[in-house]
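Colleague: Structure file data-v4.cif (mmCIF, N, CA and C atoms) right here:
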```cif
data_structure
loop_
_atom_site.label_atom_id
_atom_site.label_comp_id
_atom_site.auth_asym_id
_atom_site.auth_seq_id
_atom_site.Cartn_x
_atom_site.Cartn_y
_atom_site.Cartn_z
N MET W 1 -2.67 -26.98 -3.46
CA MET W 1 -3.40 -26.56 -2.29
C MET W 1 -3.26 -25.06 -2.06
N ALA W 2 -2.03 -24.53 -2.22
CA ALA W 2 -1.81 -23.09 -2.02
C ALA W 2 -2.54 -22.29 -3.08
N CYS W 3 -2.57 -22.79 -4.31
CA CYS W 3 -3.27 -22.08 -5.39
C CYS W 3 -4.76 -21.99 -5.09
N ARG W 4 -5.32 -23.03 -4.53
CA ARG W 4 -6.73 -23.02 -4.18
C ARG W 4 -7.01 -21.97 -3.11
N ALA W 5 -6.11 -21.88 -2.15
CA ALA W 5 -6.28 -20.88 -1.09
C ALA W 5 -6.17 -19.46 -1.65
N VAL W 6 -5.26 -19.26 -2.59
CA VAL W 6 -5.11 -17.94 -3.21
C VAL W 6 -6.36 -17.59 -4.01
N ARG W 7 -6.88 -18.57 -4.78
CA ARG W 7 -8.11 -18.31 -5.54
C ARG W 7 -9.27 -17.98 -4.62
N ARG W 8 -9.38 -18.70 -3.53
CA ARG W 8 -10.46 -18.44 -2.57
C ARG W 8 -10.32 -17.05 -1.96
N LEU W 9 -9.09 -16.68 -1.61
CA LEU W 9 -8.84 -15.35 -1.05
C LEU W 9 -9.18 -14.26 -2.06
N ARG W 10 -8.78 -14.43 -3.31
CA ARG W 10 -9.09 -13.45 -4.35
C ARG W 10 -10.60 -13.32 -4.55
N LYS W 11 -11.30 -14.44 -4.50
CA LYS W 11 -12.75 -14.40 -4.66
C LYS W 11 -13.40 -13.72 -3.46
N THR W 12 -12.89 -13.99 -2.28
CA THR W 12 -13.43 -13.38 -1.06
C THR W 12 -13.20 -11.88 -1.05
N LEU W 13 -12.00 -11.46 -1.43
CA LEU W 13 -11.66 -10.05 -1.37
C LEU W 13 -12.27 -9.25 -2.50
N GLY W 14 -12.21 -9.75 -3.72
CA GLY W 14 -12.64 -8.97 -4.87
C GLY W 14 -11.63 -7.87 -5.14
N ARG W 15 -11.97 -7.00 -6.08
CA ARG W 15 -11.03 -5.94 -6.45
C ARG W 15 -10.91 -4.89 -5.36
N ARG W 16 -12.04 -4.46 -4.80
CA ARG W 16 -12.02 -3.43 -3.77
C ARG W 16 -11.34 -3.94 -2.50
N GLY W 17 -11.63 -5.18 -2.14
CA GLY W 17 -11.03 -5.76 -0.95
C GLY W 17 -9.53 -5.92 -1.09
N ALA W 18 -9.07 -6.32 -2.28
CA ALA W 18 -7.63 -6.45 -2.50
C ALA W 18 -6.94 -5.10 -2.34
N PHE W 19 -7.56 -4.06 -2.87
CA PHE W 19 -7.01 -2.71 -2.71
C PHE W 19 -6.94 -2.33 -1.24
N LEU W 20 -8.03 -2.57 -0.51
CA LEU W 20 -8.05 -2.22 0.92
C LEU W 20 -7.00 -3.00 1.70
N LEU W 21 -6.85 -4.27 1.38
CA LEU W 21 -5.86 -5.07 2.09
C LEU W 21 -4.44 -4.56 1.82
N ILE W 22 -4.16 -4.24 0.57
CA ILE W 22 -2.82 -3.75 0.23
C ILE W 22 -2.51 -2.43 0.93
N ILE W 23 -3.42 -1.46 0.83
CA ILE W 23 -3.10 -0.16 1.45
C ILE W 23 -3.20 -0.25 2.98
N GLY W 24 -4.04 -1.13 3.49
CA GLY W 24 -4.12 -1.30 4.95
C GLY W 24 -2.83 -1.85 5.52
N VAL W 25 -2.28 -2.86 4.86
CA VAL W 25 -1.00 -3.42 5.31
C VAL W 25 0.10 -2.37 5.15
N GLY W 26 0.07 -1.63 4.05
CA GLY W 26 1.08 -0.58 3.83
C GLY W 26 1.04 0.49 4.91
N LYS W 27 -0.15 0.95 5.26
CA LYS W 27 -0.28 1.98 6.29
C LYS W 27 0.18 1.45 7.65
N THR W 28 -0.15 0.21 7.93
CA THR W 28 0.27 -0.39 9.20
C THR W 28 1.79 -0.49 9.26
N CYS W 29 2.41 -0.90 8.17
CA CYS W 29 3.88 -0.99 8.13
C CYS W 29 4.52 0.39 8.24
N TRP W 30 3.94 1.38 7.55
CA TRP W 30 4.48 2.75 7.62
C TRP W 30 4.40 3.26 9.05
N GLY W 31 3.29 3.05 9.71
CA GLY W 31 3.14 3.49 11.09
C GLY W 31 4.09 2.76 12.02
N THR W 32 4.28 1.48 11.79
CA THR W 32 5.20 0.71 12.62
C THR W 32 6.63 1.23 12.47
N SER W 33 6.99 1.66 11.27
CA SER W 33 8.34 2.20 11.08
C SER W 33 8.53 3.49 11.89
N PHE W 34 7.48 4.31 11.98
CA PHE W 34 7.57 5.53 12.80
C PHE W 34 7.61 5.18 14.28
N LEU W 35 6.99 4.10 14.65
CA LEU W 35 6.96 3.69 16.05
C LEU W 35 8.32 3.12 16.48
N LEU W 36 8.89 2.28 15.65
CA LEU W 36 10.14 1.60 16.02
C LEU W 36 11.38 2.45 15.80
N ASN W 37 11.36 3.26 14.74
CA ASN W 37 12.54 4.06 14.42
C ASN W 37 12.10 5.39 13.82
N PRO W 38 11.60 6.30 14.67
CA PRO W 38 11.07 7.56 14.13
C PRO W 38 12.16 8.40 13.47
N PRO W 39 11.85 8.94 12.28
CA PRO W 39 12.82 9.79 11.59
C PRO W 39 12.81 11.19 12.18
N ALA W 40 13.66 12.04 11.65
CA ALA W 40 13.63 13.45 12.04
C ALA W 40 12.30 14.04 11.60
N ASP W 41 11.87 15.08 12.27
CA ASP W 41 10.54 15.63 12.01
C ASP W 41 10.55 16.72 10.94
N HIS W 42 11.40 16.58 9.92
CA HIS W 42 11.46 17.58 8.85
C HIS W 42 10.08 17.77 8.24
N GLY W 43 9.54 18.95 8.38
CA GLY W 43 8.24 19.27 7.82
C GLY W 43 7.06 18.83 8.66
N LEU W 44 7.30 18.14 9.73
CA LEU W 44 6.21 17.64 10.57
C LEU W 44 6.16 18.31 11.94
N THR W 45 6.77 19.50 12.04
CA THR W 45 6.80 20.18 13.33
C THR W 45 5.41 20.58 13.80
N PHE W 46 4.49 20.80 12.85
CA PHE W 46 3.11 21.09 13.24
C PHE W 46 2.54 19.93 14.05
N LEU W 47 2.86 18.71 13.65
CA LEU W 47 2.36 17.54 14.37
C LEU W 47 3.10 17.32 15.68
N THR W 48 4.42 17.50 15.66
CA THR W 48 5.21 17.21 16.85
C THR W 48 5.03 18.24 17.96
N GLN W 49 4.36 19.36 17.67
CA GLN W 49 4.07 20.29 18.76
C GLN W 49 2.96 19.75 19.65
N PHE W 50 2.18 18.80 19.14
CA PHE W 50 1.11 18.18 19.93
C PHE W 50 1.58 16.91 20.62
N CYS W 51 2.32 16.07 19.91
CA CYS W 51 2.90 14.86 20.49
C CYS W 51 3.98 14.34 19.54
N SER W 52 4.74 13.36 20.00
CA SER W 52 5.88 12.87 19.22
C SER W 52 5.41 12.05 18.02
N LEU W 53 6.34 11.81 17.10
CA LEU W 53 6.02 11.00 15.93
C LEU W 53 5.69 9.56 16.33
N ARG W 54 6.21 9.11 17.45
CA ARG W 54 5.84 7.76 17.93
C ARG W 54 4.35 7.70 18.24
N HIS W 55 3.79 8.77 18.77
CA HIS W 55 2.35 8.80 19.03
C HIS W 55 1.56 8.92 17.73
N TRP W 56 2.05 9.73 16.80
CA TRP W 56 1.37 9.87 15.51
C TRP W 56 1.42 8.58 14.71
N ALA W 57 2.40 7.73 15.00
CA ALA W 57 2.49 6.44 14.32
C ALA W 57 1.23 5.61 14.55
N TRP W 58 0.62 5.77 15.71
CA TRP W 58 -0.59 5.00 16.01
C TRP W 58 -1.75 5.39 15.12
N LEU W 59 -1.77 6.61 14.61
CA LEU W 59 -2.79 6.99 13.64
C LEU W 59 -2.67 6.11 12.40
N TRP W 60 -1.45 5.95 11.90
CA TRP W 60 -1.23 5.10 10.73
C TRP W 60 -1.56 3.64 11.04
N ILE W 61 -1.13 3.17 12.19
CA ILE W 61 -1.31 1.75 12.53
C ILE W 61 -2.80 1.42 12.70
N ILE W 62 -3.51 2.21 13.47
CA ILE W 62 -4.93 1.93 13.72
C ILE W 62 -5.73 2.05 12.43
N CYS W 63 -5.49 3.11 11.68
CA CYS W 63 -6.21 3.28 10.40
C CYS W 63 -5.85 2.16 9.43
N GLY W 64 -4.62 1.72 9.44
CA GLY W 64 -4.19 0.62 8.57
C GLY W 64 -4.86 -0.69 8.93
N ILE W 65 -4.99 -0.96 10.22
CA ILE W 65 -5.64 -2.19 10.66
C ILE W 65 -7.13 -2.17 10.30
N VAL W 66 -7.77 -1.03 10.51
CA VAL W 66 -9.20 -0.91 10.15
C VAL W 66 -9.37 -1.06 8.64
N THR W 67 -8.48 -0.44 7.88
CA THR W 67 -8.55 -0.53 6.41
C THR W 67 -8.37 -1.97 5.95
N ALA W 68 -7.35 -2.63 6.46
CA ALA W 68 -7.09 -4.03 6.06
C ALA W 68 -8.23 -4.94 6.51
N GLY W 69 -8.74 -4.71 7.71
CA GLY W 69 -9.85 -5.54 8.19
C GLY W 69 -11.11 -5.36 7.37
N SER W 70 -11.32 -4.16 6.84
CA SER W 70 -12.50 -3.89 6.02
C SER W 70 -12.44 -4.59 4.67
N ALA W 71 -11.28 -5.06 4.29
CA ALA W 71 -11.13 -5.77 3.02
C ALA W 71 -11.98 -7.04 3.02
N PHE W 72 -12.26 -7.59 4.18
CA PHE W 72 -12.98 -8.85 4.27
C PHE W 72 -14.48 -8.66 4.46
N LEU W 73 -14.93 -7.41 4.47
CA LEU W 73 -16.36 -7.14 4.58
C LEU W 73 -17.02 -7.27 3.22
N LYS W 74 -18.32 -7.47 3.23
CA LYS W 74 -19.04 -7.58 1.97
C LYS W 74 -19.04 -6.25 1.23
N ILE W 75 -19.19 -6.35 -0.08
CA ILE W 75 -19.24 -5.16 -0.92
C ILE W 75 -20.40 -4.29 -0.45
N GLY W 76 -20.15 -3.02 -0.33
CA GLY W 76 -21.17 -2.10 0.17
C GLY W 76 -20.97 -1.79 1.64
N ARG W 77 -20.31 -2.67 2.34
CA ARG W 77 -20.00 -2.44 3.76
C ARG W 77 -18.53 -2.12 3.97
N ASP W 78 -17.79 -2.05 2.88
CA ASP W 78 -16.36 -1.80 2.97
C ASP W 78 -16.02 -0.31 2.99
N GLY W 79 -17.03 0.55 3.03
CA GLY W 79 -16.80 1.99 3.03
C GLY W 79 -15.99 2.46 4.21
N LEU W 80 -16.13 1.78 5.35
CA LEU W 80 -15.35 2.14 6.54
C LEU W 80 -13.85 2.04 6.25
N GLY W 81 -13.46 1.06 5.46
CA GLY W 81 -12.04 0.90 5.12
C GLY W 81 -11.51 2.07 4.32
N PHE W 82 -12.30 2.53 3.35
CA PHE W 82 -11.88 3.69 2.56
C PHE W 82 -11.86 4.95 3.41
N LEU W 83 -12.84 5.07 4.29
CA LEU W 83 -12.89 6.22 5.19
C LEU W 83 -11.70 6.21 6.16
N ALA W 84 -11.36 5.04 6.68
CA ALA W 84 -10.23 4.93 7.62
C ALA W 84 -8.89 5.15 6.94
N ALA W 85 -8.83 4.93 5.64
CA ALA W 85 -7.57 5.11 4.92
C ALA W 85 -7.22 6.58 4.70
N LEU W 86 -8.19 7.47 4.81
CA LEU W 86 -7.97 8.88 4.49
C LEU W 86 -7.25 9.72 5.55
N PRO W 87 -7.53 9.57 6.85
CA PRO W 87 -6.91 10.51 7.81
C PRO W 87 -5.39 10.57 7.83
N PRO W 88 -4.66 9.45 7.82
CA PRO W 88 -3.20 9.61 7.91
C PRO W 88 -2.58 10.44 6.80
N PRO W 89 -2.83 10.13 5.52
CA PRO W 89 -2.19 10.97 4.49
C PRO W 89 -2.74 12.39 4.47
N THR W 90 -3.99 12.57 4.86
CA THR W 90 -4.55 13.92 4.90
C THR W 90 -3.88 14.76 5.97
N VAL W 91 -3.66 14.17 7.13
CA VAL W 91 -3.00 14.88 8.23
C VAL W 91 -1.55 15.20 7.85
N TRP W 92 -0.87 14.25 7.22
CA TRP W 92 0.52 14.48 6.81
C TRP W 92 0.58 15.57 5.74
N ALA W 93 -0.35 15.56 4.79
CA ALA W 93 -0.38 16.60 3.76
C ALA W 93 -0.63 17.96 4.38
N LEU W 94 -1.51 18.03 5.36
CA LEU W 94 -1.78 19.28 6.06
C LEU W 94 -0.53 19.78 6.78
N ALA W 95 0.16 18.87 7.45
CA ALA W 95 1.37 19.26 8.19
C ALA W 95 2.44 19.79 7.24
N TYR W 96 2.62 19.13 6.10
CA TYR W 96 3.63 19.60 5.14
C TYR W 96 3.22 20.92 4.50
N THR W 97 1.93 21.12 4.27
CA THR W 97 1.46 22.40 3.73
C THR W 97 1.72 23.53 4.72
N ILE W 98 1.44 23.29 5.99
CA ILE W 98 1.70 24.29 7.02
C ILE W 98 3.20 24.57 7.11
N ALA W 99 4.03 23.54 6.95
CA ALA W 99 5.48 23.73 7.00
C ALA W 99 5.96 24.63 5.87
N VAL W 100 5.33 24.54 4.71
CA VAL W 100 5.70 25.42 3.59
C VAL W 100 5.26 26.84 3.89
N LEU W 101 4.02 26.99 4.36
CA LEU W 101 3.49 28.33 4.63
C LEU W 101 4.25 29.06 5.73
N THR W 102 4.75 28.32 6.70
CA THR W 102 5.51 28.94 7.79
C THR W 102 6.99 29.09 7.45
N GLY W 103 7.42 28.48 6.34
CA GLY W 103 8.82 28.57 5.94
C GLY W 103 9.72 27.57 6.62
N ASP W 104 9.15 26.58 7.31
CA ASP W 104 9.95 25.58 8.00
C ASP W 104 10.55 24.52 7.08
N TYR W 105 9.84 24.21 5.99
CA TYR W 105 10.28 23.10 5.13
C TYR W 105 9.85 23.40 3.70
N SER W 106 10.79 23.87 2.90
CA SER W 106 10.46 24.32 1.54
C SER W 106 10.01 23.17 0.64
N ARG W 107 10.50 21.97 0.85
CA ARG W 107 10.09 20.81 0.05
C ARG W 107 8.69 20.32 0.42
N GLY W 108 8.14 20.81 1.48
CA GLY W 108 6.86 20.32 1.99
C GLY W 108 5.71 20.40 1.00
N GLY W 109 5.73 21.39 0.13
CA GLY W 109 4.67 21.51 -0.87
C GLY W 109 4.63 20.32 -1.81
N PHE W 110 5.80 19.86 -2.21
CA PHE W 110 5.87 18.69 -3.09
C PHE W 110 5.44 17.43 -2.36
N VAL W 111 5.85 17.31 -1.12
CA VAL W 111 5.46 16.14 -0.34
C VAL W 111 3.96 16.15 -0.07
N ALA W 112 3.41 17.32 0.21
CA ALA W 112 1.97 17.44 0.44
C ALA W 112 1.20 17.06 -0.82
N LEU W 113 1.65 17.55 -1.98
CA LEU W 113 0.98 17.18 -3.23
C LEU W 113 1.09 15.68 -3.51
N TRP W 114 2.22 15.10 -3.13
CA TRP W 114 2.39 13.66 -3.30
C TRP W 114 1.39 12.89 -2.44
N TYR W 115 1.25 13.28 -1.19
CA TYR W 115 0.26 12.63 -0.32
C TYR W 115 -1.16 12.83 -0.84
N LEU W 116 -1.46 14.04 -1.32
CA LEU W 116 -2.82 14.33 -1.79
C LEU W 116 -3.16 13.60 -3.08
N THR W 117 -2.19 13.37 -3.94
CA THR W 117 -2.49 12.70 -5.20
C THR W 117 -2.34 11.19 -5.09
N SER W 118 -1.18 10.73 -4.68
CA SER W 118 -0.92 9.29 -4.69
C SER W 118 -1.55 8.56 -3.52
N HIS W 119 -2.02 9.26 -2.53
CA HIS W 119 -2.69 8.62 -1.42
C HIS W 119 -4.17 8.99 -1.38
N VAL W 120 -4.45 10.22 -1.04
CA VAL W 120 -5.85 10.65 -0.89
C VAL W 120 -6.60 10.50 -2.20
N GLY W 121 -6.03 10.98 -3.29
CA GLY W 121 -6.71 10.90 -4.59
C GLY W 121 -6.98 9.47 -5.02
N VAL W 122 -6.00 8.61 -4.87
CA VAL W 122 -6.17 7.21 -5.26
C VAL W 122 -7.21 6.52 -4.38
N ILE W 123 -7.21 6.81 -3.10
CA ILE W 123 -8.21 6.21 -2.20
C ILE W 123 -9.61 6.68 -2.58
N LEU W 124 -9.77 7.98 -2.84
CA LEU W 124 -11.09 8.49 -3.23
C LEU W 124 -11.53 7.88 -4.55
N TRP W 125 -10.61 7.73 -5.49
CA TRP W 125 -10.96 7.10 -6.76
C TRP W 125 -11.36 5.64 -6.56
N ALA W 126 -10.57 4.89 -5.80
CA ALA W 126 -10.84 3.46 -5.60
C ALA W 126 -12.17 3.24 -4.88
N ALA W 127 -12.54 4.18 -4.04
CA ALA W 127 -13.81 4.05 -3.32
C ALA W 127 -15.00 4.14 -4.27
N THR W 128 -14.82 4.74 -5.44
CA THR W 128 -15.93 4.88 -6.39
C THR W 128 -15.97 3.76 -7.42
N VAL W 129 -14.94 2.94 -7.46
CA VAL W 129 -14.89 1.86 -8.45
C VAL W 129 -15.81 0.73 -8.00
N PRO W 130 -16.79 0.38 -8.82
CA PRO W 130 -17.65 -0.74 -8.44
C PRO W 130 -16.88 -2.06 -8.54
N GLU W 131 -17.34 -3.03 -7.81
CA GLU W 131 -16.64 -4.32 -7.77
C GLU W 131 -16.62 -4.97 -9.15
N TYR W 132 -17.70 -4.93 -9.87
CA TYR W 132 -17.78 -5.62 -11.16
C TYR W 132 -18.06 -4.63 -12.26
N SER W 133 -17.11 -3.80 -12.61
CA SER W 133 -17.32 -2.78 -13.63
C SER W 133 -16.82 -3.20 -15.00
N VAL W 134 -16.06 -4.27 -15.07
CA VAL W 134 -15.49 -4.70 -16.33
C VAL W 134 -16.46 -5.68 -16.99
N PRO W 135 -16.89 -5.39 -18.22
CA PRO W 135 -17.81 -6.33 -18.88
C PRO W 135 -17.08 -7.63 -19.22
N PRO W 136 -17.82 -8.72 -19.32
CA PRO W 136 -17.15 -9.98 -19.66
C PRO W 136 -16.53 -9.91 -21.06
N ALA W 137 -15.50 -10.67 -21.25
CA ALA W 137 -14.81 -10.69 -22.54
C ALA W 137 -15.75 -11.25 -23.60
N PRO W 138 -15.74 -10.67 -24.79
CA PRO W 138 -16.63 -11.17 -25.84
C PRO W 138 -16.20 -12.57 -26.27
N ARG W 139 -17.19 -13.37 -26.55
CA ARG W 139 -16.88 -14.74 -27.00
C ARG W 139 -16.58 -14.68 -28.49
N SER W 140 -15.57 -15.38 -28.89
CA SER W 140 -15.22 -15.38 -30.31
C SER W 140 -16.23 -16.24 -31.07
N ALA W 141 -16.47 -15.87 -32.30
CA ALA W 141 -17.42 -16.62 -33.12
C ALA W 141 -16.90 -18.02 -33.38
N ARG W 142 -17.82 -18.97 -33.41
CA ARG W 142 -17.42 -20.34 -33.68
C ARG W 142 -17.10 -20.51 -35.16
N ARG W 143 -16.20 -21.37 -35.44
CA ARG W 143 -15.83 -21.61 -36.84
C ARG W 143 -16.97 -22.34 -37.53
N GLY W 144 -17.21 -21.92 -38.75
CA GLY W 144 -18.23 -22.59 -39.55
C GLY W 144 -19.63 -22.06 -39.31
N LYS W 145 -19.79 -21.12 -38.40
CA LYS W 145 -21.11 -20.54 -38.13
C LYS W 145 -21.14 -19.13 -38.71
N ALA W 146 -22.19 -18.82 -39.41
CA ALA W 146 -22.34 -17.46 -39.94
C ALA W 146 -22.83 -16.55 -38.84
N ALA W 147 -22.34 -15.35 -38.88
CA ALA W 147 -22.72 -14.41 -37.83
C ALA W 147 -24.01 -13.73 -38.10
#
```
Just dump the structure as structure tokens.
Modeller:
Amino acid sequence: MACRAVRRLRKTLGRRGAFLLIIGVGKTCWGTSFLLNPPADHGLTFLTQFCSLRHWAWLWIICGIVTAGSAFLKIGRDGLGFLAALPPPTVWALAYTIAVLTGDYSRGGFVALWYLTSHVGVILWAATVPEYSVPPAPRSARRGKAA
């Protein structure tokens, strides 16, 4: 029974939906961690001058919920999920870049590049992947039949 439910969920989500669900849940969890137990603001002073990290956590949570919810939309209508996935890592990359330029956090350049590549870059790439881009596996020739 559980296997049938998993197969149905995989068919409903597809490849793009599975990606959106995974990163949506991840963003929601990341934001919740900032809400429940905010870390020190190393490199994020640009953000904390406007409001606390607990408030910025809601950016991750709301964008994560929208991203995960978009996983269940039909192909072609899931663009909102990819769009919603971009602001949190982009804002964090911007904050770390500013921290490097102002001299507040020397490691910020590496963290900014990490957000830009492993988050923003991957999201932009996944948004361009069509749902059915893999051709079907070739059928092997039957025995005894000439090709």
Colleague: Could you please determine the separation between CA of Phe82 (chain W) and CA of Ala112 (chain W) in Å, to one decimal place?
Modeller: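 Separating CA of Phe82 (chain W) from CA of Ala112 (chain W) is a distance of 19.6 Å.
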Colleague: With distances taken over only C-alpha atoms, which of W:Leu35, W:Ile22, W:Ala68, W:Cys29 is nearest to His55 (chain W)?
Modeller: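 Closest to His55 (chain W) of all the choices is W:Leu35.
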Colleague: Quick check, in Å to one decimal: how far apart do CA of Ile98 (chain W) and atom N of Phe110 (chain W) lie?
Modeller: 11.0 Å
Colleague: Calculate how many Å separate CA of Thr28 (chain W) from CA of Gly64 (chain W), rounding to one decimal.
Modeller: 4.6 Å
Colleague: Specify as a PyMOL selection string each residue included when the PyMOL selection byres ((chain W and resi 67) around 8) is applied to this file.
Modeller: chain W and resi 19-25+61-66+68-72+80-85
Colleague: Can you write just those residues out, N, CA and C atoms, as a tab-separated table (two decimals), keeping the file's coordinate frame?
Modeller:
```tsv
chain	number	residue	atom	x	y	z
W	19	PHE	N	-7.56	-4.06	-2.87
W	19	PHE	CA	-7.01	-2.71	-2.71
W	19	PHE	C	-6.94	-2.33	-1.24
W	20	LEU	N	-8.03	-2.57	-0.51
W	20	LEU	CA	-8.05	-2.22	0.92
W	20	LEU	C	-7.00	-3.00	1.70
W	21	LEU	N	-6.85	-4.27	1.38
W	21	LEU	CA	-5.86	-5.07	2.09
W	21	LEU	C	-4.44	-4.56	1.82
W	22	ILE	N	-4.16	-4.24	0.57
W	22	ILE	CA	-2.82	-3.75	0.23
W	22	ILE	C	-2.51	-2.43	0.93
W	23	ILE	N	-3.42	-1.46	0.83
W	23	ILE	CA	-3.10	-0.16	1.45
W	23	ILE	C	-3.20	-0.25	2.98
W	24	GLY	N	-4.04	-1.13	3.49
W	24	GLY	CA	-4.12	-1.30	4.95
W	24	GLY	C	-2.83	-1.85	5.52
W	25	VAL	N	-2.28	-2.86	4.86
W	25	VAL	CA	-1.00	-3.42	5.31
W	25	VAL	C	0.10	-2.37	5.15
W	61	ILE	N	-1.13	3.17	12.19
W	61	ILE	CA	-1.31	1.75	12.53
W	61	ILE	C	-2.80	1.42	12.70
W	62	ILE	N	-3.51	2.21	13.47
W	62	ILE	CA	-4.93	1.93	13.72
W	62	ILE	C	-5.73	2.05	12.43
W	63	CYS	N	-5.49	3.11	11.68
W	63	CYS	CA	-6.21	3.28	10.40
W	63	CYS	C	-5.85	2.16	9.43
W	64	GLY	N	-4.62	1.72	9.44
W	64	GLY	CA	-4.19	0.62	8.57
W	64	GLY	C	-4.86	-0.69	8.93
W	65	ILE	N	-4.99	-0.96	10.22
W	65	ILE	CA	-5.64	-2.19	10.66
W	65	ILE	C	-7.13	-2.17	10.30
W	66	VAL	N	-7.77	-1.03	10.51
W	66	VAL	CA	-9.20	-0.91	10.15
W	66	VAL	C	-9.37	-1.06	8.64
W	68	ALA	N	-7.35	-2.63	6.46
W	68	ALA	CA	-7.09	-4.03	6.06
W	68	ALA	C	-8.23	-4.94	6.51
W	69	GLY	N	-8.74	-4.71	7.71
W	69	GLY	CA	-9.85	-5.54	8.19
W	69	GLY	C	-11.11	-5.36	7.37
W	70	SER	N	-11.32	-4.16	6.84
W	70	SER	CA	-12.50	-3.89	6.02
W	70	SER	C	-12.44	-4.59	4.67
W	71	ALA	N	-11.28	-5.06	4.29
W	71	ALA	CA	-11.13	-5.77	3.02
W	71	ALA	C	-11.98	-7.04	3.02
W	72	PHE	N	-12.26	-7.59	4.18
W	72	PHE	CA	-12.98	-8.85	4.27
W	72	PHE	C	-14.48	-8.66	4.46
W	80	LEU	N	-16.13	1.78	5.35
W	80	LEU	CA	-15.35	2.14	6.54
W	80	LEU	C	-13.85	2.04	6.25
W	81	GLY	N	-13.46	1.06	5.46
W	81	GLY	CA	-12.04	0.90	5.12
W	81	GLY	C	-11.51	2.07	4.32
W	82	PHE	N	-12.30	2.53	3.35
W	82	PHE	CA	-11.88	3.69	2.56
W	82	PHE	C	-11.86	4.95	3.41
W	83	LEU	N	-12.84	5.07	4.29
W	83	LEU	CA	-12.89	6.22	5.19
W	83	LEU	C	-11.70	6.21	6.16
W	84	ALA	N	-11.36	5.04	6.68
W	84	ALA	CA	-10.23	4.93	7.62
W	84	ALA	C	-8.89	5.15	6.94
W	85	ALA	N	-8.83	4.93	5.64
W	85	ALA	CA	-7.57	5.11	4.92
W	85	ALA	C	-7.22	6.58	4.70
```
Colleague: For Phe46 (chain W), list every protein, DNA or RNA residue within 8 Å, evaluated using all atoms listed in the file, and leave out those in the same chain fewer than 3 positions away; present the list as a PyMOL selection string.
Modeller: chain W and resi 41-43+49-51+94-96+98-99
Colleague: Closest to Asp104 (chain W) among W:Leu86, W:Ala126, W:Leu44, W:Val91, using all atoms listed in the file?
Modeller: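 Once distances to Asp104 (chain W) are computed over all atoms listed in the file, the minimum belongs to W:Leu44.
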Colleague: Pick the closest to Val111 (chain W) from W:Ala93, W:Val129, W:Leu36, W:Leu124: which is it, counting only C-alpha atoms?
Modeller: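 Smallest distance to Val111 (chain W) is found for W:Ala93.
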Colleague: Please, which residues of region 37-140 of chain W, numbered as in this document, come out helix (DSSP H, G or I) from DSSP, as a count of residues only?
Modeller: 66
Colleague: Between W:Arg7, W:Lys27, W:Arg16, W:His119, which has the minimum distance to Ile75 (chain W) (counting all atoms listed in the file)?
Modeller: W:Arg16
